[in-house]
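Participant: What follows is data-v1.pdb, PDB, C-alpha atoms.
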```
ATOM      1  CA  MET A1165      -3.548 -32.284  -3.115
ATOM      2  CA  ILE A1166      -3.132 -31.060   0.449
ATOM      3  CA  THR A1167      -1.506 -32.948   3.299
ATOM      4  CA  ILE A1168      -3.411 -33.520   6.541
ATOM      5  CA  ALA A1169      -1.662 -34.629   9.754
ATOM      6  CA  LEU A1170      -3.716 -36.992  11.895
ATOM      7  CA  PRO A1171      -3.013 -38.157  15.458
ATOM      8  CA  LYS A1172      -2.518 -41.871  16.004
ATOM      9  CA  GLY A1173      -5.181 -43.775  17.919
ATOM     10  CA  ARG A1174      -8.808 -43.191  18.794
ATOM     11  CA  LEU A1175      -8.885 -39.553  17.648
ATOM     12  CA  MET A1176      -7.699 -40.547  14.169
ATOM     13  CA  GLU A1177     -10.509 -43.107  13.965
ATOM     14  CA  GLU A1178     -13.060 -40.506  15.074
ATOM     15  CA  THR A1179     -11.683 -37.997  12.551
ATOM     16  CA  ILE A1180     -11.882 -40.428   9.647
ATOM     17  CA  GLU A1181     -15.400 -41.411  10.669
ATOM     18  CA  LEU A1182     -16.361 -37.723  10.700
ATOM     19  CA  PHE A1183     -14.692 -37.025   7.347
ATOM     20  CA  ASN A1184     -16.375 -40.053   5.746
ATOM     21  CA  SER A1185     -19.761 -38.901   7.054
ATOM     22  CA  LYS A1186     -19.151 -35.607   5.231
ATOM     23  CA  GLY A1187     -18.492 -37.250   1.871
ATOM     24  CA  LEU A1188     -14.767 -37.951   1.891
ATOM     25  CA  ASP A1189     -13.882 -41.548   0.992
ATOM     26  CA  ILE A1190     -11.143 -42.607   3.403
ATOM     27  CA  GLU A1191     -10.153 -46.043   4.611
ATOM     28  CA  ILE A1192      -7.605 -46.580   7.365
ATOM     29  CA  PRO A1193      -4.912 -48.951   6.066
ATOM     30  CA  LYS A1194      -5.020 -52.109   8.191
ATOM     31  CA  HIS A1195      -1.899 -54.039   9.184
ATOM     32  CA  SER A1196       0.308 -51.506   7.434
ATOM     33  CA  ARG A1197       3.393 -49.816   8.816
ATOM     34  CA  LYS A1198       3.085 -46.938   6.361
ATOM     35  CA  LEU A1199       2.799 -43.563   8.021
ATOM     36  CA  PHE A1200       0.802 -41.995   5.199
ATOM     37  CA  PHE A1201      -2.189 -42.864   3.017
ATOM     38  CA  TYR A1202      -4.608 -41.179   0.595
ATOM     39  CA  ASP A1203      -8.330 -40.777   0.174
ATOM     40  CA  LYS A1204      -9.953 -42.670  -2.684
ATOM     41  CA  ASP A1205      -9.965 -39.621  -4.983
ATOM     42  CA  LYS A1206      -6.307 -38.773  -4.220
ATOM     43  CA  LYS A1207      -7.231 -35.236  -3.192
ATOM     44  CA  TYR A1208      -5.789 -35.582   0.298
ATOM     45  CA  LYS A1209      -2.645 -37.131   1.675
ATOM     46  CA  PHE A1210      -2.810 -38.126   5.346
ATOM     47  CA  LEU A1211       0.191 -38.320   7.666
ATOM     48  CA  ILE A1212      -0.109 -40.494  10.780
ATOM     49  CA  VAL A1213       1.879 -38.970  13.645
ATOM     50  CA  ARG A1214       1.881 -38.796  17.444
ATOM     51  CA  ALA A1215      -0.836 -36.525  18.814
ATOM     52  CA  GLN A1216       1.754 -34.247  20.435
ATOM     53  CA  ASP A1217       3.518 -33.795  17.085
ATOM     54  CA  VAL A1218       0.581 -32.881  14.841
ATOM     55  CA  ALA A1219       0.792 -29.125  15.445
ATOM     56  CA  THR A1220       4.568 -29.159  14.924
ATOM     57  CA  TYR A1221       4.212 -30.868  11.528
ATOM     58  CA  VAL A1222       1.629 -28.233  10.604
ATOM     59  CA  GLU A1223       3.652 -25.316  11.978
ATOM     60  CA  TYR A1224       6.688 -26.326   9.908
ATOM     61  CA  ASN A1225       4.547 -26.942   6.803
ATOM     62  CA  ALA A1226       5.135 -30.678   6.533
ATOM     63  CA  ALA A1227       1.325 -30.734   6.530
ATOM     64  CA  CYS A1228      -1.036 -27.985   5.371
ATOM     65  CA  VAL A1229      -3.636 -28.819   7.989
ATOM     66  CA  GLY A1230      -3.982 -31.146  10.944
ATOM     67  CA  VAL A1231      -6.311 -32.448  13.610
ATOM     68  CA  VAL A1232      -5.199 -31.950  17.203
ATOM     69  CA  GLY A1233      -6.754 -31.708  20.646
ATOM     70  CA  LEU A1234      -7.134 -28.294  22.259
ATOM     71  CA  ASP A1235      -5.195 -29.703  25.236
ATOM     72  CA  VAL A1236      -2.124 -30.179  23.042
ATOM     73  CA  LEU A1237      -2.482 -26.747  21.440
ATOM     74  CA  ARG A1238      -2.655 -25.001  24.809
ATOM     75  CA  GLU A1239       0.313 -26.919  26.134
ATOM     76  CA  HIS A1240       2.646 -26.344  23.179
ATOM     77  CA  ASN A1241       1.392 -22.988  21.863
ATOM     78  CA  ASN A1242       2.280 -23.717  18.210
ATOM     79  CA  ASN A1243       2.152 -20.893  15.677
ATOM     80  CA  VAL A1244      -0.814 -22.147  13.633
ATOM     81  CA  PHE A1245      -4.310 -21.036  12.655
ATOM     82  CA  GLU A1246      -7.216 -22.674  14.504
ATOM     83  CA  LEU A1247      -9.839 -23.140  11.799
ATOM     84  CA  LEU A1248     -12.643 -25.238  13.240
ATOM     85  CA  ASP A1249     -13.726 -27.057  16.382
ATOM     86  CA  LEU A1250     -14.580 -30.531  15.063
ATOM     87  CA  GLY A1251     -16.594 -31.419  18.147
ATOM     88  CA  ILE A1252     -14.979 -34.844  18.534
ATOM     89  CA  GLY A1253     -12.419 -36.250  20.941
ATOM     90  CA  TYR A1254     -14.124 -34.664  23.937
ATOM     91  CA  CYS A1255     -12.161 -34.778  27.178
ATOM     92  CA  LYS A1256     -11.301 -32.576  30.160
ATOM     93  CA  MET A1257      -8.059 -31.303  31.664
ATOM     94  CA  VAL A1258      -8.373 -31.844  35.393
ATOM     95  CA  VAL A1259      -6.585 -31.781  38.708
ATOM     96  CA  ALA A1260      -7.047 -35.138  40.457
ATOM     97  CA  GLY A1261      -5.833 -36.772  43.635
ATOM     98  CA  LYS A1262      -6.577 -39.255  46.414
ATOM     99  CA  ASP A1263      -8.229 -36.570  48.518
ATOM    100  CA  VAL A1264     -10.312 -33.674  47.199
ATOM    101  CA  ASN A1265      -8.944 -31.635  50.089
ATOM    102  CA  CYS A1266      -5.257 -32.246  49.278
ATOM    103  CA  PHE A1267      -4.937 -28.496  48.757
ATOM    104  CA  SER A1268      -7.069 -25.469  49.534
ATOM    105  CA  ALA A1269      -7.124 -21.697  49.199
ATOM    106  CA  LYS A1270      -4.587 -21.545  52.028
ATOM    107  CA  THR A1271      -2.137 -23.927  50.375
ATOM    108  CA  LYS A1272       1.110 -22.255  49.320
ATOM    109  CA  ASN A1273       3.188 -25.217  48.110
ATOM    110  CA  ILE A1274       2.191 -28.376  46.297
ATOM    111  CA  ARG A1275       3.835 -31.100  44.224
ATOM    112  CA  VAL A1276       2.078 -31.929  40.965
ATOM    113  CA  ALA A1277       2.778 -34.815  38.568
ATOM    114  CA  THR A1278       1.893 -34.275  34.914
ATOM    115  CA  LYS A1279       3.006 -34.427  31.319
ATOM    116  CA  PHE A1280       1.218 -31.089  30.751
ATOM    117  CA  VAL A1281       3.866 -28.967  32.450
ATOM    118  CA  LYS A1282       2.907 -25.563  31.042
ATOM    119  CA  THR A1283      -0.803 -26.100  31.663
ATOM    120  CA  ALA A1284      -0.196 -27.191  35.257
ATOM    121  CA  LYS A1285       2.140 -24.290  36.026
ATOM    122  CA  GLN A1286      -0.268 -21.728  34.616
ATOM    123  CA  HIS A1287      -3.207 -23.201  36.519
ATOM    124  CA  PHE A1288      -1.510 -23.068  39.913
ATOM    125  CA  VAL A1289      -0.019 -19.621  39.270
ATOM    126  CA  ARG A1290      -3.592 -18.394  38.763
ATOM    127  CA  LYS A1291      -4.469 -19.948  42.104
ATOM    128  CA  ASN A1292      -1.414 -18.314  43.749
ATOM    129  CA  ILE A1293      -0.036 -21.735  44.701
ATOM    130  CA  ASN A1294       3.642 -22.580  44.283
ATOM    131  CA  ALA A1295       3.588 -25.866  42.361
ATOM    132  CA  GLU A1296       6.649 -28.063  42.069
ATOM    133  CA  ILE A1297       6.109 -29.923  38.798
ATOM    134  CA  VAL A1298       7.154 -33.568  38.450
ATOM    135  CA  LYS A1299       7.153 -34.397  34.739
ATOM    136  CA  LEU A1300       6.027 -37.920  33.872
ATOM    137  CA  TYR A1301       5.244 -39.433  30.486
ATOM    138  CA  GLY A1302       2.859 -42.209  31.466
ATOM    139  CA  SER A1303       0.938 -43.835  34.330
ATOM    140  CA  ILE A1304       0.482 -40.410  35.902
ATOM    141  CA  GLU A1305      -2.117 -41.884  38.267
ATOM    142  CA  LEU A1306       0.624 -43.716  40.178
ATOM    143  CA  ALA A1307       2.251 -40.507  41.438
ATOM    144  CA  PRO A1308      -0.173 -39.676  44.295
ATOM    145  CA  LEU A1309      -0.457 -43.366  45.219
ATOM    146  CA  LEU A1310       3.313 -43.696  45.649
ATOM    147  CA  GLY A1311       3.817 -40.340  47.361
ATOM    148  CA  ILE A1312       5.626 -38.740  44.428
ATOM    149  CA  ALA A1313       3.058 -35.947  44.191
ATOM    150  CA  ASP A1314       0.097 -34.481  46.057
ATOM    151  CA  CYS A1315      -2.023 -34.485  42.924
ATOM    152  CA  ILE A1316      -1.872 -34.790  39.143
ATOM    153  CA  VAL A1317      -2.898 -32.697  36.159
ATOM    154  CA  ASP A1318      -4.061 -34.897  33.312
ATOM    155  CA  ILE A1319      -6.541 -35.286  30.503
ATOM    156  CA  VAL A1320      -9.548 -37.548  31.133
ATOM    157  CA  SER A1321     -12.548 -38.633  29.099
ATOM    158  CA  THR A1322     -14.752 -40.839  31.281
ATOM    159  CA  GLY A1323     -12.634 -40.646  34.438
ATOM    160  CA  GLN A1324     -12.724 -44.421  34.814
ATOM    161  CA  THR A1325      -8.930 -44.777  34.979
ATOM    162  CA  LEU A1326      -8.874 -42.309  37.857
ATOM    163  CA  ARG A1327     -11.567 -44.181  39.730
ATOM    164  CA  ASP A1328      -9.891 -47.540  39.104
ATOM    165  CA  ASN A1329      -6.784 -46.161  40.799
ATOM    166  CA  GLY A1330      -8.513 -44.569  43.782
ATOM    167  CA  LEU A1331      -8.301 -41.000  42.518
ATOM    168  CA  GLU A1332     -11.010 -38.419  42.019
ATOM    169  CA  VAL A1333     -11.335 -35.149  40.161
ATOM    170  CA  ILE A1334     -10.584 -32.176  42.407
ATOM    171  CA  GLU A1335     -11.248 -29.472  39.842
ATOM    172  CA  GLU A1336     -11.660 -29.025  36.112
ATOM    173  CA  ILE A1337      -9.208 -26.760  34.274
ATOM    174  CA  PHE A1338     -10.797 -26.723  30.814
ATOM    175  CA  GLU A1339     -12.716 -28.849  28.306
ATOM    176  CA  SER A1340     -10.963 -30.050  25.167
ATOM    177  CA  THR A1341     -12.140 -31.180  21.746
ATOM    178  CA  ALA A1342     -10.335 -31.764  18.465
ATOM    179  CA  MET A1343      -9.448 -28.719  16.383
ATOM    180  CA  LEU A1344      -8.724 -28.443  12.671
ATOM    181  CA  ILE A1345      -5.588 -26.299  12.354
ATOM    182  CA  ALA A1346      -3.660 -24.891   9.398
ATOM    183  CA  ASN A1347      -0.162 -23.755   8.591
ATOM    184  CA  ARG A1348      -0.187 -19.952   8.409
ATOM    185  CA  THR A1349       1.475 -19.827   4.983
ATOM    186  CA  SER A1350      -0.471 -22.740   3.488
ATOM    187  CA  PHE A1351      -3.708 -21.144   4.597
ATOM    188  CA  TYR A1352      -3.105 -18.517   1.907
ATOM    189  CA  THR A1353      -1.169 -20.481  -0.739
ATOM    190  CA  ASN A1354      -3.601 -23.422  -0.574
ATOM    191  CA  ASN A1355      -6.645 -21.392   0.386
ATOM    192  CA  VAL A1356      -8.935 -22.867  -2.275
ATOM    193  CA  GLU A1357      -8.189 -26.462  -1.231
ATOM    194  CA  ILE A1358      -8.397 -25.705   2.486
ATOM    195  CA  LYS A1359     -11.678 -23.803   2.064
ATOM    196  CA  GLU A1360     -13.073 -26.717   0.050
ATOM    197  CA  LEU A1361     -12.166 -29.079   2.908
ATOM    198  CA  LEU A1362     -13.750 -26.722   5.456
ATOM    199  CA  ASP A1363     -16.943 -26.462   3.382
ATOM    200  CA  LYS A1364     -17.192 -30.241   3.273
ATOM    201  CA  ILE A1365     -16.772 -30.918   6.979
ATOM    202  CA  GLN A1366     -18.596 -27.932   8.505
TER     203      GLN A1366
END
```
Using structure tokens, write down the structure from this file.
Facilitator:
Amino acid sequence: MITIALPKGRLMEETIELFNSKGLDIEIPKHSRKLFFYDKDKKYKFLIVRAQDVATYVEYNAACVGVVGLDVLREHNNNVFELLDLGIGYCKMVVAGKDVNCFSAKTKNIRVATKFVKTAKQHFVRKNINAEIVKLYGSIELAPLLGIADCIVDIVSTGQTLRDNGLEVIEEIFESTAMLIANRTSFYTNNVEIKELLDKIQ
């Protein structure tokens, strides 16, 4: 049996739907507070954790493999193997604001609200813009509306939340989908089981 870390929420549902379509027999436990469950054949144990924590559980070998968005991997830079792009959980990392002209090539200083601090810093360094980062954990869209920041860096899927709050995409940083990752040690010690999983879902 190998342990697989899954992110809570919509991506976990998409992952289980994908796995089931490939022949695994998994049912999400309903109305349960348990943070783990098994497939019908008891070949896989699934841990349910926060999306931002999946790669950490895998890195420290609490799980052999995990499913995590590329956005999280780039932000946290965990020491794991990236095995497979699952092609689900599509979204984009973007810069957004009230005005598409809130900064330009001539801009030297800007205030940016985000929970993706590393990603935002790296993006504006590449643009040779000095970005003061305001770290927020939720409702990032409020920052430009309340004058806390000139713009935000955030992950979006449809962009509807931005539009509902009077913001628009200024530029795209990168596209993100869900990745299957593995612990570097487990990849070798559990290679047969991990390869079997890969063969099933590829």
Participant: Considering only C-alpha atoms, return as a ChimeraX atom specification whatever protein or nucleic-acid residues lie within 9 Å of A:Val1222, sequence-local ones (same chain, fewer than 3 positions apart) excluded.
Facilitator: /A:1168-1169,1217-1219,1225-1230,1242-1244,1345-1348
Participant: Restricting the calculation to only C-alpha atoms, which member of A:Val1298, A:Leu1234, A:Ile1192, A:Leu1331 is positioned closest to A:Lys1256?
Facilitator: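 Of all the options, A:Leu1234 lies closest to A:Lys1256.
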Participant: So how far away is atom CA of A:Leu1237 from atom CA of A:Lys1364, in Å?
Facilitator: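 Atom-to-atom, atom CA of A:Lys1364 and atom CA of A:Leu1237 are spaced 23.6 Å apart.
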Participant: My list of candidates is A:Val1264, A:Ala1215, A:Met1165, A:Ala1307. Which is closest to A:His1240 when distances are computed with all atoms listed in the file?
Facilitator: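 Of A:Val1264, A:Ala1215, A:Met1165, A:Ala1307, the one nearest A:His1240 is A:Ala1215, counting all atoms listed in the file.
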Participant: Nearest to A:Met1176: which of A:Arg1290, A:Arg1214, A:Arg1238, A:Lys1262 is it, counting only C-alpha atoms?
Facilitator: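 Counting only C-alpha atoms, the residue closest to A:Met1176 is A:Arg1214.
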Participant: So which one's closest to A:Gly1330, A:Val1236, A:Ala1260, A:Ile1358, A:Ala1342? Using all atoms listed in the file, please.
Facilitator: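 Once distances to A:Gly1330 are computed over all atoms listed in the file, the minimum belongs to A:Ala1260.
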Participant: Between A:Glu1223, A:Asp1205, A:Val1232, A:Glu1360, which is the closest to A:Lys1172 once you count only C-alpha atoms?
Facilitator: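 Under the stated criterion, the closest residue is A:Val1232.
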Participant: Neighbourhood query: residues within 12 Å of (-3.6, -21.1, 43.6), file coordinates, counting all atoms listed in the file; return as a PyMOL selection string.
Facilitator: chain A and resi 1267-1274+1284-1295+1335
Participant: With C-alpha atoms retained, write the just-selected residues as a PDB file, keeping the file's coordinate frame.
Facilitator:
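What follows is the written file result-v4.pdb:
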```pdb
ATOM      1  CA  PHE A1267      -4.937 -28.496  48.757  1.00  0.00           C
ATOM      2  CA  SER A1268      -7.069 -25.469  49.534  1.00  0.00           C
ATOM      3  CA  ALA A1269      -7.124 -21.697  49.199  1.00  0.00           C
ATOM      4  CA  LYS A1270      -4.587 -21.545  52.028  1.00  0.00           C
ATOM      5  CA  THR A1271      -2.137 -23.927  50.375  1.00  0.00           C
ATOM      6  CA  LYS A1272       1.110 -22.255  49.320  1.00  0.00           C
ATOM      7  CA  ASN A1273       3.188 -25.217  48.110  1.00  0.00           C
ATOM      8  CA  ILE A1274       2.191 -28.376  46.297  1.00  0.00           C
ATOM      9  CA  ALA A1284      -0.196 -27.191  35.257  1.00  0.00           C
ATOM     10  CA  LYS A1285       2.140 -24.290  36.026  1.00  0.00           C
ATOM     11  CA  GLN A1286      -0.268 -21.728  34.616  1.00  0.00           C
ATOM     12  CA  HIS A1287      -3.207 -23.201  36.519  1.00  0.00           C
ATOM     13  CA  PHE A1288      -1.510 -23.068  39.913  1.00  0.00           C
ATOM     14  CA  VAL A1289      -0.019 -19.621  39.270  1.00  0.00           C
ATOM     15  CA  ARG A1290      -3.592 -18.394  38.763  1.00  0.00           C
ATOM     16  CA  LYS A1291      -4.469 -19.948  42.104  1.00  0.00           C
ATOM     17  CA  ASN A1292      -1.414 -18.314  43.749  1.00  0.00           C
ATOM     18  CA  ILE A1293      -0.036 -21.735  44.701  1.00  0.00           C
ATOM     19  CA  ASN A1294       3.642 -22.580  44.283  1.00  0.00           C
ATOM     20  CA  ALA A1295       3.588 -25.866  42.361  1.00  0.00           C
ATOM     21  CA  GLU A1335     -11.248 -29.472  39.842  1.00  0.00           C
TER      22      GLU A1335
END
```
Participant: Mind giving me the straight-line distance from atom CA of A:Glu1181 to atom CA of A:Asp1203 in Å, one decimal?
Facilitator: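 Atom CA of A:Glu1181 sits 12.7 Å away from atom CA of A:Asp1203.
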Participant: Excluding A:Asp1263 and residues on its chain fewer than 2 positions from it, collect all residues at most 9 Å away from it, counting all atoms listed in the file, and give them as an mmCIF file with C-alpha atoms, keeping the file's coordinate frame.
Facilitator:
```cif
data_model
loop_
_atom_site.group_PDB
_atom_site.id
_atom_site.type_symbol
_atom_site.label_atom_id
_atom_site.label_comp_id
_atom_site.auth_asym_id
_atom_site.auth_seq_id
_atom_site.Cartn_x
_atom_site.Cartn_y
_atom_site.Cartn_z
ATOM 1 C CA ALA A 1260 -7.047 -35.138 40.457
ATOM 2 C CA GLY A 1261 -5.833 -36.772 43.635
ATOM 3 C CA ASN A 1265 -8.944 -31.635 50.089
ATOM 4 C CA CYS A 1266 -5.257 -32.246 49.278
ATOM 5 C CA PHE A 1267 -4.937 -28.496 48.757
ATOM 6 C CA ASP A 1314 0.097 -34.481 46.057
ATOM 7 C CA CYS A 1315 -2.023 -34.485 42.924
ATOM 8 C CA LEU A 1331 -8.301 -41.000 42.518
ATOM 9 C CA GLU A 1332 -11.010 -38.419 42.019
ATOM 10 C CA ILE A 1334 -10.584 -32.176 42.407
#
```
Participant: Any idea what's packed within 7 Å of A:Glu1336, counting all atoms listed in the file, ignoring anything in its chain fewer than 5 positions away? Could you give it as a PDB file with C-alpha atoms, in the coordinates of the input?
Facilitator:
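result02.pdb was written with the following content:
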```pdb
ATOM      1  CA  LYS A1256     -11.301 -32.576  30.160  1.00  0.00           C
ATOM      2  CA  MET A1257      -8.059 -31.303  31.664  1.00  0.00           C
ATOM      3  CA  VAL A1258      -8.373 -31.844  35.393  1.00  0.00           C
ATOM      4  CA  VAL A1259      -6.585 -31.781  38.708  1.00  0.00           C
TER       5      VAL A1259
END
```
Participant: Mind giving me the axis-aligned box for stretch 1350-1357 of chain A with 8 Å on every side, centre plus edges in Å to one decimal, as lines of an AutoDock Vina configuration file?
Facilitator:
```
center_x = -4.7
center_y = -22.5
center_z = 1.2
size_x = 24.5
size_y = 23.9
size_z = 22.9
```
Participant: Taking 4 positions as the minimum chain separation for residues in the same chain, which residues sit within 7 Å of A:Ile1190 when counting only C-alpha atoms? Answer as a ChimeraX atom specification.
Facilitator: /A:1180,1184,1203-1204
Participant: Within 9 Å of A:Leu1344, counting all atoms listed in the file, which residues show up once you throw out same-chain ones fewer than 4 positions away? Write them as a CSV table (one decimal) with C-alpha atoms, in the coordinates of the input, please.
Facilitator:
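Final output, saved to around28.csv:
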```
chain,number,residue,atom,x,y,z
A,1229,VAL,CA,-3.6,-28.8,8.0
A,1230,GLY,CA,-4.0,-31.1,10.9
A,1231,VAL,CA,-6.3,-32.4,13.6
A,1232,VAL,CA,-5.2,-32.0,17.2
A,1233,GLY,CA,-6.8,-31.7,20.6
A,1245,PHE,CA,-4.3,-21.0,12.7
A,1246,GLU,CA,-7.2,-22.7,14.5
A,1247,LEU,CA,-9.8,-23.1,11.8
A,1248,LEU,CA,-12.6,-25.2,13.2
A,1249,ASP,CA,-13.7,-27.1,16.4
A,1250,LEU,CA,-14.6,-30.5,15.1
A,1362,LEU,CA,-13.8,-26.7,5.5
```
Participant: For stretch 1333-1356 of chain A, supply N, CA and C atoms and format the output as a CSV table (one decimal), in the coordinates of the input.
Facilitator:
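And here's out_20.csv as it stands now:
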```csv
chain,number,residue,atom,x,y,z
A,1333,VAL,N,-11.5,-36.5,40.7
A,1333,VAL,CA,-11.3,-35.1,40.2
A,1333,VAL,C,-11.5,-34.1,41.3
A,1334,ILE,N,-10.5,-33.3,41.4
A,1334,ILE,CA,-10.6,-32.2,42.4
A,1334,ILE,C,-11.2,-30.9,41.8
A,1335,GLU,N,-10.7,-30.6,40.6
A,1335,GLU,CA,-11.2,-29.5,39.8
A,1335,GLU,C,-11.0,-29.6,38.4
A,1336,GLU,N,-11.8,-29.0,37.6
A,1336,GLU,CA,-11.7,-29.0,36.1
A,1336,GLU,C,-10.9,-27.8,35.7
A,1337,ILE,N,-10.0,-27.9,34.8
A,1337,ILE,CA,-9.2,-26.8,34.3
A,1337,ILE,C,-9.9,-26.2,33.0
A,1338,PHE,N,-10.1,-27.1,32.0
A,1338,PHE,CA,-10.8,-26.7,30.8
A,1338,PHE,C,-11.3,-28.0,30.1
A,1339,GLU,N,-12.2,-27.8,29.2
A,1339,GLU,CA,-12.7,-28.8,28.3
A,1339,GLU,C,-11.9,-28.8,27.0
A,1340,SER,N,-11.8,-30.0,26.4
A,1340,SER,CA,-11.0,-30.0,25.2
A,1340,SER,C,-11.7,-30.9,24.1
A,1341,THR,N,-11.7,-30.4,22.9
A,1341,THR,CA,-12.1,-31.2,21.7
A,1341,THR,C,-11.1,-31.0,20.6
A,1342,ALA,N,-11.3,-31.8,19.6
A,1342,ALA,CA,-10.3,-31.8,18.5
A,1342,ALA,C,-10.5,-30.5,17.6
A,1343,MET,N,-9.4,-29.9,17.2
A,1343,MET,CA,-9.4,-28.7,16.4
A,1343,MET,C,-8.8,-29.0,15.0
A,1344,LEU,N,-9.4,-28.4,14.0
A,1344,LEU,CA,-8.7,-28.4,12.7
A,1344,LEU,C,-7.8,-27.2,12.6
A,1345,ILE,N,-6.5,-27.4,12.4
A,1345,ILE,CA,-5.6,-26.3,12.4
A,1345,ILE,C,-4.9,-26.2,11.0
A,1346,ALA,N,-4.3,-25.1,10.7
A,1346,ALA,CA,-3.7,-24.9,9.4
A,1346,ALA,C,-2.3,-24.2,9.6
A,1347,ASN,N,-1.4,-24.5,8.7
A,1347,ASN,CA,-0.2,-23.8,8.6
A,1347,ASN,C,-0.5,-22.3,8.1
A,1348,ARG,N,0.2,-21.3,8.7
A,1348,ARG,CA,-0.2,-20.0,8.4
A,1348,ARG,C,0.1,-19.6,7.0
A,1349,THR,N,1.2,-20.1,6.4
A,1349,THR,CA,1.5,-19.8,5.0
A,1349,THR,C,0.6,-20.6,4.1
A,1350,SER,N,0.4,-21.9,4.3
A,1350,SER,CA,-0.5,-22.7,3.5
A,1350,SER,C,-1.9,-22.3,3.5
A,1351,PHE,N,-2.3,-21.6,4.6
A,1351,PHE,CA,-3.7,-21.1,4.6
A,1351,PHE,C,-4.0,-20.2,3.4
A,1352,TYR,N,-3.0,-19.5,3.0
A,1352,TYR,CA,-3.1,-18.5,1.9
A,1352,TYR,C,-2.7,-19.1,0.6
A,1353,THR,N,-1.6,-19.9,0.5
A,1353,THR,CA,-1.2,-20.5,-0.7
A,1353,THR,C,-2.1,-21.6,-1.2
A,1354,ASN,N,-2.7,-22.3,-0.2
A,1354,ASN,CA,-3.6,-23.4,-0.6
A,1354,ASN,C,-5.0,-23.1,-0.1
A,1355,ASN,N,-5.4,-21.8,-0.2
A,1355,ASN,CA,-6.6,-21.4,0.4
A,1355,ASN,C,-7.8,-22.1,-0.3
A,1356,VAL,N,-7.8,-22.3,-1.6
A,1356,VAL,CA,-8.9,-22.9,-2.3
A,1356,VAL,C,-9.2,-24.3,-1.8
```
